[in-house]
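Novice: Supplied in structure tokens, the structure appears directly below.
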Amino acid sequence: MAMTSSDLRLNQIALARRALAQGGAELTDALVGAWLDRAWIVRSWQRCLARGARPDRPVVFEPAPRRAGADAAEQHAELLALARPGLQRLARQIAPVRYFALLTDARGTVIETAGAIDHRNRATHAIARIGIDLSEQSIGTSAIGAALAERAPVWLHRGEHFFTDTGVYSCAGAPLFGPDGSCLGMIDVTGVDVPERPELQHLVAHTARQIEDALILARPHSLRLRLSWPEGWQVSGGSGGAEGLLCLDADGQVVGANSSARQMLPALHTLAGAPLHAADLFALPWTGLFDGAAQDGPRTVPLWSGLRLQLRAERRHRAPVTPQRSLKALESALIDQAVRDAGGRVAEAARKLGVSRATIYRRLAAMRKGAPG
């Protein structure tokens, strides 16, 4: 049977990996050549080597902190609430190809899992736990560390991981940005001993954009602007032509923008550091953006660069209300999710959350009675 291009690439990497182990700390020409179109892998391997790591060193996955689940629910309550629907949709889509989904914080620590996760599989159990550190410093080259380092979607298959021990994984990842452009974490999909599925890079990036938009729309705002290039233009690279989303308050201050909007309007990259006004972006009286919200259909507006954007304005007459949930309610929801993820095994859910089985039974009984726990 003829070898596929994936097999040939992995064989080339395996040979170069062996030469690296025998010959020193420099990447061989063969190894670099296998990744001519993906320089980010070379950069990640070089960072691992610079830290003194060796590919054949065992990877030790430390136990998750006892209260990792409760801590994640408390520290990332809004992100988890808004990300879970998208994460669950993603998990359902990738289930037929035996992948599952992870959500990490900006440091690469897992804060949520989703999908068909078989904890009887050692390799799966090692990474699919809330509180586990999956950063590049901890497990070497992976989609998680690379997406956070490169701030871009990535795909990684088997032997492309730095450590031999992590060569059973195939994974795609995409960074997740907040309304101000800061990196909140990333979304990862991983399979164990599965065929290569590079198209998952696009799917996970699409999911990240959906969650970013949900985060923006949850912020109080008076006007949302949906941005695109004028009809007939084609956008190559970057967001692939995805719609930009920009939200303003009643005074014209920018309160949130998604990744596509930041690519269309580079001034938005300063949003994380200082307030930005609509007048800094559009070469027209900013109040006209609100007046135009009553018009039907999109309209074309000028930018200070001389280019023009097409936008559709949608006025919001009152600020969105984000439901406030008590810590008890959040913990009860977390326990319910953990029990479902564990297939109803209370002992497994208790171990994952770092609480006693009695606590879980008490909360489940309270929820059945309609109380928060």
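If you're wondering about the labels, chains in the structure tokens are A, B, ... by order shown, residues count from 1 in each chain, ligands from 1 in order shown.
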Would you give me, as a tab-separated table, each residue of segment 195-263 of chain A having an atom within 7 Å of an atom of segment 143-160 of chain A, along with its shortest atom pair and that distance in Å to one decimal, using only C-alpha atoms and sorting by chain and residue number?
Specialist:
```
residue	atom	partner	partner_atom	distance
A:Glu196	CA	A:His157	CA	6.4
A:Pro198	CA	A:Trp155	CA	6.0
A:Gln201	CA	A:Trp155	CA	5.7
A:Ala205	CA	A:Pro153	CA	6.2
```
Novice: Would you mind exporting the chosen residues as a PDB file, in the first residue's frame, restricted to C-alpha atoms?
Specialist:
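Ended up saving to selection13.pdb:
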```pdb
ATOM      1  CA  GLU A 196      -5.137  12.976  10.888  1.00  0.00           C
ATOM      2  CA  PRO A 198      -6.415  18.917   9.768  1.00  0.00           C
ATOM      3  CA  GLN A 201      -8.321  23.586  12.704  1.00  0.00           C
ATOM      4  CA  ALA A 205     -11.358  28.491  14.941  1.00  0.00           C
TER       5      ALA A 205
END
```
Novice: May I have the residues within 10 Å of Leu203 of chain A as a list in words, using only C-alpha atoms and disregarding those fewer than 3 positions away in the same chain?
Specialist: Leu90, Gln93, Ile94, Pro153, Ala172, Gly173, Ala174, Val189, Pro198, Glu199, Leu200, His206, Thr207 and Ala208 of chain A
Novice: Hey, can you spit out that residue selection with N, CA, C and O atoms as a compact mmCIF listing (two decimals), in the first residue's frame?
Specialist:
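What follows is the written file out.txt:
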```txt
# COMPACT_ATOMS: atom_id res chain seq x y z
N LEU A 90 -19.43 21.89 19.59
CA LEU A 90 -18.19 21.41 19.00
C LEU A 90 -17.97 19.94 19.35
O LEU A 90 -17.60 19.13 18.49
N GLN A 93 -20.02 17.66 17.24
CA GLN A 93 -19.57 17.58 15.85
C GLN A 93 -18.36 16.66 15.69
O GLN A 93 -18.22 15.98 14.68
N ILE A 94 -17.47 16.64 16.68
CA ILE A 94 -16.23 15.88 16.55
C ILE A 94 -16.34 14.47 17.12
O ILE A 94 -15.42 13.65 16.95
N PRO A 153 -4.80 29.89 15.04
CA PRO A 153 -5.20 28.49 15.01
C PRO A 153 -4.07 27.60 14.49
O PRO A 153 -3.30 28.00 13.62
N ALA A 172 -6.08 20.06 17.41
CA ALA A 172 -6.21 21.38 16.78
C ALA A 172 -6.56 22.37 17.87
O ALA A 172 -7.25 22.03 18.85
N GLY A 173 -6.09 23.60 17.73
CA GLY A 173 -6.37 24.61 18.75
C GLY A 173 -6.53 25.99 18.15
O GLY A 173 -6.00 26.28 17.08
N ALA A 174 -7.27 26.83 18.86
CA ALA A 174 -7.44 28.21 18.44
C ALA A 174 -7.50 29.09 19.68
O ALA A 174 -8.13 28.72 20.67
N VAL A 189 -9.20 20.67 20.48
CA VAL A 189 -9.84 19.37 20.25
C VAL A 189 -8.72 18.34 20.08
O VAL A 189 -7.74 18.58 19.36
N PRO A 198 -6.82 17.50 9.73
CA PRO A 198 -6.41 18.92 9.77
C PRO A 198 -7.57 19.89 9.59
O PRO A 198 -7.47 21.06 9.97
N GLU A 199 -8.70 19.43 9.03
CA GLU A 199 -9.84 20.33 8.87
C GLU A 199 -10.42 20.77 10.21
O GLU A 199 -11.16 21.76 10.27
N LEU A 200 -10.05 20.07 11.28
CA LEU A 200 -10.53 20.47 12.60
C LEU A 200 -9.98 21.84 13.01
O LEU A 200 -10.56 22.50 13.88
N HIS A 206 -13.62 28.44 14.08
CA HIS A 206 -15.01 28.92 13.92
C HIS A 206 -15.72 28.95 15.27
O HIS A 206 -16.42 29.92 15.59
N THR A 207 -15.52 27.92 16.08
CA THR A 207 -16.13 27.88 17.40
C THR A 207 -15.60 29.00 18.28
O THR A 207 -16.36 29.65 19.02
N ALA A 208 -14.29 29.25 18.21
CA ALA A 208 -13.69 30.34 19.00
C ALA A 208 -14.32 31.67 18.63
O ALA A 208 -14.61 32.50 19.51
```
Novice: Could you tell me which of A:Phe162, A:Asp180, A:Asp71, A:Arg120 comes closest to Val42 of chain A if we count only C-alpha atoms?
Specialist: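 Of all the options, A:Phe162 lies closest to Val42 of chain A.
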Novice: From the DSSP assignment of the backbone, select every residue of segment 129-164 of chain A that is strand (DSSP E), and format the answer as a PyMOL selection string.
Specialist: chain A and resi 154-157
Novice: Find the residues around Cys247 of chain A up to 12 Å (only C-alpha atoms counted), leave out those fewer than 3 positions away in its own chain, and share them as a PyMOL selection string.
Specialist: chain A and resi 179-180+213-227+244+250-258+261+268+276-278+289-290+312-316+319
